[in-house]
file upload01.csv (CSV, C-alpha atoms)
chain,number,residue,atom,x,y,z
A,1,MET,CA,122.2,91.8,96.7
A,2,SER,CA,119.5,91.0,99.3
A,3,VAL,CA,119.3,92.1,103.0
A,4,SER,CA,117.3,90.1,105.5
A,5,TRP,CA,117.3,91.2,109.2
A,6,THR,CA,115.5,91.0,112.5
A,7,SER,CA,115.9,93.2,115.6
A,8,ALA,CA,114.9,93.1,119.2
A,9,THR,CA,114.3,96.9,119.0
A,10,GLY,CA,112.7,96.9,115.5
A,11,ARG,CA,115.2,99.5,114.2
A,12,PRO,CA,118.3,98.9,112.0
A,13,SER,CA,121.2,101.2,113.1
A,14,ARG,CA,122.6,103.8,110.7
A,15,PRO,CA,126.0,102.0,110.7
A,16,THR,CA,124.2,98.8,109.6
A,17,ARG,CA,122.6,100.3,106.5
A,18,THR,CA,125.7,102.3,105.7
A,19,ALA,CA,127.9,99.3,106.0
A,20,VAL,CA,125.6,97.1,103.9
A,21,ALA,CA,125.4,99.7,101.1
A,22,GLY,CA,129.1,100.5,101.3
A,23,HIS,CA,130.2,96.9,101.2
A,24,PHE,CA,128.0,95.6,98.4
A,25,GLY,CA,127.6,98.9,96.5
A,26,VAL,CA,124.0,98.2,95.7
A,27,VAL,CA,120.9,96.7,97.5
A,28,HIS,CA,118.3,95.0,95.4
A,29,GLN,CA,116.1,93.3,98.0
A,30,VAL,CA,115.2,93.8,101.6
A,31,TYR,CA,113.4,91.2,103.7
A,32,ASN,CA,111.9,92.7,106.8
A,33,ASN,CA,111.2,89.7,109.1
A,34,ALA,CA,110.6,91.2,112.5
A,35,GLY,CA,108.4,89.3,114.8
A,36,VAL,CA,107.6,88.5,118.5
A,37,ALA,CA,104.4,87.0,119.9
A,38,GLY,CA,102.0,89.4,121.6
A,39,GLY,CA,101.0,89.5,125.2
A,40,GLY,CA,98.4,86.7,124.9
A,41,ARG,CA,95.8,88.6,126.9
A,42,SER,CA,92.5,90.3,126.3
A,43,VAL,CA,92.4,94.0,125.6
A,44,LEU,CA,91.2,94.5,129.2
A,45,ASP,CA,94.0,92.5,130.7
A,46,ASN,CA,96.9,93.3,128.3
A,47,ASP,CA,99.3,96.0,129.6
A,48,TRP,CA,100.8,98.9,127.7
A,49,ALA,CA,104.2,97.4,127.8
A,50,ALA,CA,103.0,94.4,125.7
A,51,TYR,CA,101.4,96.7,123.1
A,52,GLU,CA,104.5,98.9,122.9
A,53,ARG,CA,106.9,96.0,122.5
A,54,THR,CA,104.8,94.1,120.0
A,55,LEU,CA,104.2,97.2,117.8
A,56,ALA,CA,107.8,98.4,118.1
A,57,VAL,CA,109.2,95.1,116.8
A,58,ASN,CA,106.5,93.7,114.5
A,59,LEU,CA,105.3,97.0,112.9
A,60,PHE,CA,107.9,99.6,113.4
A,61,GLY,CA,110.6,97.1,112.6
A,62,VAL,CA,109.2,96.7,109.2
A,63,ILE,CA,108.7,100.5,108.8
A,64,HIS,CA,112.3,101.3,109.9
A,65,GLY,CA,113.8,98.6,107.7
A,66,THR,CA,111.8,99.8,104.7
A,67,LYS,CA,112.6,103.5,105.2
A,68,ALA,CA,116.3,102.8,105.9
A,69,PHE,CA,116.9,100.9,102.6
A,70,LEU,CA,114.2,102.3,100.3
A,71,PRO,CA,116.5,104.9,98.7
A,72,HIS,CA,119.1,102.2,98.0
A,73,LEU,CA,116.4,100.0,96.4
A,74,ILE,CA,115.2,102.9,94.2
A,75,ALA,CA,118.8,103.6,93.2
A,76,SER,CA,119.4,99.9,92.3
A,77,GLY,CA,116.9,100.2,89.4
A,78,ASP,CA,115.3,96.9,90.3
A,79,GLY,CA,114.4,96.9,93.9
A,80,HIS,CA,112.0,94.7,96.0
A,81,VAL,CA,110.7,95.2,99.5
A,82,VAL,CA,109.5,92.0,101.2
A,83,ASN,CA,107.6,92.6,104.5
A,84,VAL,CA,106.5,89.7,106.6
A,85,SER,CA,103.0,90.0,108.0
A,86,SER,CA,101.2,86.9,109.3
A,87,LEU,CA,98.1,84.7,109.0
A,88,ASN,CA,96.9,87.2,111.7
A,89,GLY,CA,97.4,90.0,109.2
A,90,ILE,CA,94.4,88.5,107.4
A,91,MET,CA,92.3,87.2,110.3
A,92,ALA,CA,92.1,88.5,113.9
A,93,GLN,CA,91.9,86.2,116.9
A,94,PRO,CA,90.9,86.8,120.5
A,95,ALA,CA,93.8,87.5,122.9
A,96,LEU,CA,96.0,88.6,120.1
A,97,SER,CA,95.0,92.3,119.7
A,98,ASP,CA,98.6,93.6,119.9
A,99,TYR,CA,99.9,91.0,117.5
A,100,CYS,CA,97.0,91.4,115.1
A,101,ALA,CA,97.2,95.2,115.2
A,102,ALA,CA,100.9,95.0,114.2
A,103,LYS,CA,100.5,92.4,111.5
A,104,PHE,CA,97.4,94.1,109.9
A,105,GLY,CA,99.5,97.3,110.1
A,106,VAL,CA,102.3,95.6,108.1
A,107,ARG,CA,99.8,94.6,105.5
A,108,GLY,CA,98.4,98.2,105.3
A,109,PHE,CA,101.8,99.8,105.3
A,110,SER,CA,103.0,97.5,102.5
A,111,GLU,CA,100.0,98.1,100.3
A,112,ALA,CA,100.2,101.8,100.8
A,113,LEU,CA,103.9,101.7,99.9
A,114,ARG,CA,103.1,99.7,96.8
A,115,GLY,CA,100.6,102.4,95.7
A,116,GLU,CA,103.2,105.2,96.3
A,117,LEU,CA,105.9,103.4,94.3
A,118,LEU,CA,103.5,102.8,91.4
A,119,THR,CA,102.3,106.4,91.5
A,120,ASP,CA,105.9,107.7,91.4
A,121,ARG,CA,107.0,105.0,88.9
A,122,HIS,CA,109.9,103.9,91.1
A,123,PRO,CA,111.5,100.6,90.0
A,124,VAL,CA,110.7,98.9,93.3
A,125,ARG,CA,108.2,96.1,93.9
A,126,VAL,CA,106.5,95.2,97.2
A,127,SER,CA,105.5,91.8,98.5
A,128,VAL,CA,103.7,91.2,101.8
A,129,VAL,CA,104.1,87.7,103.2
A,130,HIS,CA,101.4,86.0,105.3
A,131,PRO,CA,102.8,82.8,106.9
A,132,GLY,CA,100.7,80.3,108.7
A,133,GLY,CA,102.2,77.9,111.2
A,134,VAL,CA,105.9,77.9,110.6
A,135,ARG,CA,108.2,75.9,113.0
A,136,THR,CA,109.9,78.7,114.8
A,137,ASN,CA,110.7,79.5,118.4
A,138,ILE,CA,108.1,82.4,118.6
A,139,ALA,CA,105.7,80.7,121.1
A,140,THR,CA,108.4,79.4,123.4
A,141,ALA,CA,110.2,82.8,123.3
A,142,ALA,CA,107.0,84.5,124.3
A,143,LEU,CA,106.6,82.3,127.4
A,144,GLU,CA,110.2,82.8,128.3
A,145,HIS,CA,109.9,86.6,128.0
A,146,ALA,CA,106.8,86.6,130.2
A,147,ARG,CA,108.7,84.7,132.9
A,148,LYS,CA,111.8,87.0,132.7
A,149,THR,CA,109.6,90.1,133.1
A,150,GLY,CA,107.8,88.7,136.1
A,151,ALA,CA,104.4,88.3,134.3
A,152,LEU,CA,102.0,85.7,135.7
A,153,VAL,CA,102.3,82.5,133.7
A,154,THR,CA,99.4,80.2,134.1
A,155,ALA,CA,98.9,76.5,133.3
A,156,ARG,CA,96.7,77.6,130.4
A,157,ASP,CA,99.6,79.7,129.0
A,158,GLU,CA,101.9,76.7,129.2
A,159,ALA,CA,99.4,74.5,127.5
A,160,ARG,CA,98.8,77.0,124.8
A,161,THR,CA,102.6,77.1,124.1
A,162,ARG,CA,102.8,73.3,123.9
A,163,LEU,CA,99.8,73.1,121.5
A,164,TYR,CA,101.4,75.7,119.2
A,165,ASN,CA,104.8,73.9,119.2
A,166,GLU,CA,103.3,70.4,118.8
A,167,LYS,CA,100.3,71.0,116.6
A,168,LEU,CA,100.1,74.4,114.9
A,169,LEU,CA,103.7,75.4,114.1
A,170,LYS,CA,104.4,72.6,111.7
A,171,MET,CA,106.0,73.9,108.4
A,172,PRO,CA,109.8,73.7,108.4
A,173,ALA,CA,111.3,77.2,108.2
A,174,SER,CA,113.4,76.2,105.1
A,175,ARG,CA,110.2,75.2,103.3
A,176,ALA,CA,108.6,78.6,104.2
A,177,ALA,CA,111.7,80.4,103.0
A,178,ARG,CA,111.5,78.6,99.7
A,179,ILE,CA,107.9,79.6,99.2
A,180,VAL,CA,108.7,83.2,100.0
A,181,VAL,CA,111.7,83.3,97.6
A,182,ASP,CA,109.6,81.7,94.8
A,183,GLY,CA,106.9,84.3,95.4
A,184,VAL,CA,109.4,87.1,95.2
A,185,GLU,CA,110.9,85.7,92.0
A,186,ALA,CA,107.4,85.5,90.5
A,187,GLY,CA,106.7,89.1,91.5
A,188,ARG,CA,103.6,88.2,93.7
A,189,PRO,CA,102.3,91.1,95.7
A,190,ARG,CA,100.8,88.8,98.3
A,191,ILE,CA,102.5,85.5,99.3
A,192,LEU,CA,100.5,83.0,101.4
A,193,VAL,CA,102.7,80.5,103.1
A,194,GLY,CA,101.1,77.2,104.0
A,195,ARG,CA,97.7,75.6,103.6
A,196,ASP,CA,96.4,77.1,106.8
A,197,ALA,CA,97.1,80.7,105.5
A,198,LYS,CA,95.4,79.9,102.2
A,199,THR,CA,92.4,78.5,104.1
A,200,VAL,CA,92.1,81.5,106.4
A,201,ASP,CA,92.4,83.9,103.5
A,202,LEU,CA,89.5,82.1,101.7
A,203,LEU,CA,87.4,81.9,104.8
A,204,VAL,CA,87.7,85.7,105.5
A,205,ARG,CA,86.9,86.5,101.9
A,206,LEU,CA,83.8,84.3,101.8
A,207,LEU,CA,82.5,84.9,105.3
A,208,PRO,CA,83.7,88.4,106.4
A,209,ARG,CA,80.7,88.8,108.7
A,210,TRP,CA,80.9,85.4,110.3
A,211,TYR,CA,84.5,84.5,110.6
A,212,PRO,CA,85.0,86.2,114.0
A,213,LYS,CA,82.4,83.9,115.5
A,214,LEU,CA,84.2,80.9,113.9
A,215,ALA,CA,87.5,82.2,115.3
A,216,VAL,CA,86.0,82.3,118.8
A,217,ARG,CA,84.7,78.7,118.5
A,218,LEU,CA,88.1,77.5,117.3
A,219,GLU,CA,89.8,79.4,120.2
A,220,ARG,CA,87.5,77.7,122.7
A,221,ALA,CA,88.1,74.3,121.2
A,222,LEU,CA,91.8,74.6,121.1
A,223,PHE,CA,92.4,76.5,124.3
A,224,PRO,CA,89.6,75.5,126.9
A,225,ALA,CA,89.6,77.5,130.1
A,226,ALA,CA,91.9,76.0,132.7
call {"tool": "encode", "arguments": {"input": "upload01.csv", "output": "structure tokens"}}
result
Amino acid sequence: MSVSWTSATGRPSRPTRTAVAGHFGVVHQVYNNAGVAGGGRSVLDNDWAAYERTLAVNLFGVIHGTKAFLPHLIASGDGHVVNVSSLNGIMAQPALSDYCAAKFGVRGFSEALRGELLTDRHPVRVSVVHPGGVRTNIATAALEHARKTGALVTARDEARTRLYNEKLLKMPASRAARIVVDGVEAGRPRILVGRDAKTVDLLVRLLPRWYPKLAVRLERALFPAA
């Protein structure tokens, strides 16, 4: 039996995990897919609330979900934790420090967990997923959240959201899900979703010193100053 969940707080409730285990009797797989876009500001301009919200959902959502169900996965005798990071868990970009910190954190947490499970010889595998541009509501939701909280929304913010929705977030979610499930069935520890994620992974590996400069050039080309 597999469990997949998202949460606005990043934490599954005790009744949730108790009910799941009680109803199905055994939990074999958990998919921690918690994600909100970051504040979209530089480190100087981003406020603490943006960091706290992004880390609470994107990183601590994964940690809480893993810790809540890990004993059940071990007890199953054939468990699998699937934690969703991002393309930005491989490559950092300007104005995404909170999002990148969370998604790099998911990667590090997952790899550390894998090492612990191997050390203790628990029957649980770990996969970390790095999706590229998947057609979701994440960019629009970020803009709506900024408006609801009274944050200043500029023309550049609106243009950035349109570009993400029209040009960058292209892969259908159903196709992304199929790639993830196939990767889990194959037992892959790292699952790259999309050509863009694979390209970024190769770029960072080949040019670790130079890729930040390339990321800045891409940022300026895609999102010129308003």
call {"tool": "closest_residue", "arguments": {"input": "upload01.csv", "among": "A:Ile90, A:Ala146, A:Arg178, A:Ala37", "to": "Tyr164 of chain A", "atoms": "only C-alpha atoms"}}
result
A:Ala37
call {"tool": "atom_distance", "arguments": {"input": "upload01.csv", "atom1": "atom CA of Glu52 of chain A", "atom2": "atom CA of Ala197 of chain A"}}
result
26.2 Å
call {"tool": "residues_around", "arguments": {"input": "upload01.csv", "residues": "Arg188 of chain A", "least_positions_apart": "3", "cutoff": "10 Å", "atoms": "all atoms listed in the file", "output": "PyMOL selection string"}}
result
chain A and resi 125-129+180+182-185+191-192
call {"tool": "atom_distance", "arguments": {"input": "upload01.csv", "atom1": "atom CA of Trp210 of chain A", "atom2": "atom CA of Gly39 of chain A"}}
result
25.4 Å
call {"tool": "closest_residue", "arguments": {"input": "upload01.csv", "among": "A:Val27, A:Ala173, A:Leu218, A:Val43", "to": "Val124 of chain A", "atoms": "all atoms listed in the file"}}
result
A:Val27
call {"tool": "residues_around", "arguments": {"input": "upload01.csv", "residues": "Ala159 of chain A", "least_positions_apart": "6", "cutoff": "10 Å", "atoms": "all atoms listed in the file", "output": "MDAnalysis selection string"}}
result
chainID A and resid 165 222:224 226
call {"tool": "closest_residue", "arguments": {"input": "upload01.csv", "among": "A:Ala21, A:Val26, A:Leu152, A:Leu203", "to": "Arg41 of chain A", "atoms": "all atoms listed in the file"}}
result
A:Leu152
call {"tool": "atom_distance", "arguments": {"input": "upload01.csv", "atom1": "atom CA of Leu118 of chain A", "atom2": "atom CA of Gly22 of chain A"}}
result
27.5 Å
call {"tool": "residues_around", "arguments": {"input": "upload01.csv", "residues": "segment 58-74 of chain A", "least_positions_apart": "2", "cutoff": "6 Å", "atoms": "only C-alpha atoms", "output": "VMD selection string"}}
result
chain A and resid 10 to 11 27 to 28 32 34 to 35 54 to 56 76 to 77 79 102 106
call {"tool": "closest_residue", "arguments": {"input": "upload01.csv", "among": "A:Lys103, A:Arg162, A:Lys148, A:His23", "to": "Val57 of chain A", "atoms": "all atoms listed in the file"}}
result
A:Lys103
call {"tool": "closest_residue", "arguments": {"input": "upload01.csv", "among": "A:Leu96, A:Leu169, A:Val153, A:Val82", "to": "Val216 of chain A", "atoms": "all atoms listed in the file"}}
result
A:Leu96
call {"tool": "residues_near_point", "arguments": {"input": "upload01.csv", "point": "(108.0, 76.4, 120.5)", "cutoff": "12 Å", "atoms": "only C-alpha atoms", "output": "VMD selection string"}}
result
chain A and resid 37 133 to 144 158 to 170
call {"tool": "closest_residue", "arguments": {"input": "upload01.csv", "among": "A:Lys198, A:His130, A:Arg114, A:Arg205", "to": "Val81 of chain A", "atoms": "only C-alpha atoms"}}
result
A:Arg114
call {"tool": "build_atoms", "arguments": {"input": "upload01.csv", "residues": "segment 153-172 of chain A", "atoms": "N, CA and C atoms", "output": "CSV table (one decimal), in the coordinates of the input"}}
result
chain,number,residue,atom,x,y,z
A,153,VAL,N,102.4,83.6,134.7
A,153,VAL,CA,102.3,82.5,133.7
A,153,VAL,C,101.5,81.4,134.2
A,154,THR,N,100.3,81.2,133.6
A,154,THR,CA,99.4,80.2,134.1
A,154,THR,C,99.6,78.8,133.4
A,155,ALA,N,98.9,77.8,133.9
A,155,ALA,CA,98.9,76.5,133.3
A,155,ALA,C,98.3,76.6,131.9
A,156,ARG,N,97.3,77.4,131.7
A,156,ARG,CA,96.7,77.6,130.4
A,156,ARG,C,97.8,78.2,129.4
A,157,ASP,N,98.6,79.1,129.9
A,157,ASP,CA,99.6,79.7,129.0
A,157,ASP,C,100.6,78.6,128.6
A,158,GLU,N,101.0,77.8,129.5
A,158,GLU,CA,101.9,76.7,129.2
A,158,GLU,C,101.3,75.7,128.2
A,159,ALA,N,100.1,75.4,128.4
A,159,ALA,CA,99.4,74.5,127.5
A,159,ALA,C,99.2,75.1,126.1
A,160,ARG,N,99.0,76.3,126.1
A,160,ARG,CA,98.8,77.0,124.8
A,160,ARG,C,100.2,76.9,124.0
A,161,THR,N,101.3,77.2,124.7
A,161,THR,CA,102.6,77.1,124.1
A,161,THR,C,102.9,75.7,123.6
A,162,ARG,N,102.5,74.7,124.4
A,162,ARG,CA,102.8,73.3,123.9
A,162,ARG,C,101.9,73.0,122.7
A,163,LEU,N,100.7,73.4,122.7
A,163,LEU,CA,99.8,73.1,121.5
A,163,LEU,C,100.4,73.8,120.2
A,164,TYR,N,100.8,75.0,120.4
A,164,TYR,CA,101.4,75.7,119.2
A,164,TYR,C,102.6,74.9,118.7
A,165,ASN,N,103.5,74.6,119.6
A,165,ASN,CA,104.8,73.9,119.2
A,165,ASN,C,104.5,72.5,118.7
A,166,GLU,N,103.5,71.8,119.2
A,166,GLU,CA,103.3,70.4,118.8
A,166,GLU,C,102.3,70.2,117.7
A,167,LYS,N,101.4,71.2,117.5
A,167,LYS,CA,100.3,71.0,116.6
A,167,LYS,C,100.2,72.1,115.5
A,168,LEU,N,100.4,73.3,115.8
A,168,LEU,CA,100.1,74.4,114.9
A,168,LEU,C,101.3,74.9,114.1
A,169,LEU,N,102.5,74.9,114.8
A,169,LEU,CA,103.7,75.4,114.1
A,169,LEU,C,104.4,74.2,113.4
A,170,LYS,N,104.0,73.9,112.2
A,170,LYS,CA,104.4,72.6,111.7
A,170,LYS,C,105.4,72.7,110.5
A,171,MET,N,105.2,73.8,109.6
A,171,MET,CA,106.0,73.9,108.4
A,171,MET,C,107.4,74.2,108.7
A,172,PRO,N,108.4,73.4,108.2
A,172,PRO,CA,109.8,73.7,108.4
A,172,PRO,C,110.1,75.1,107.9
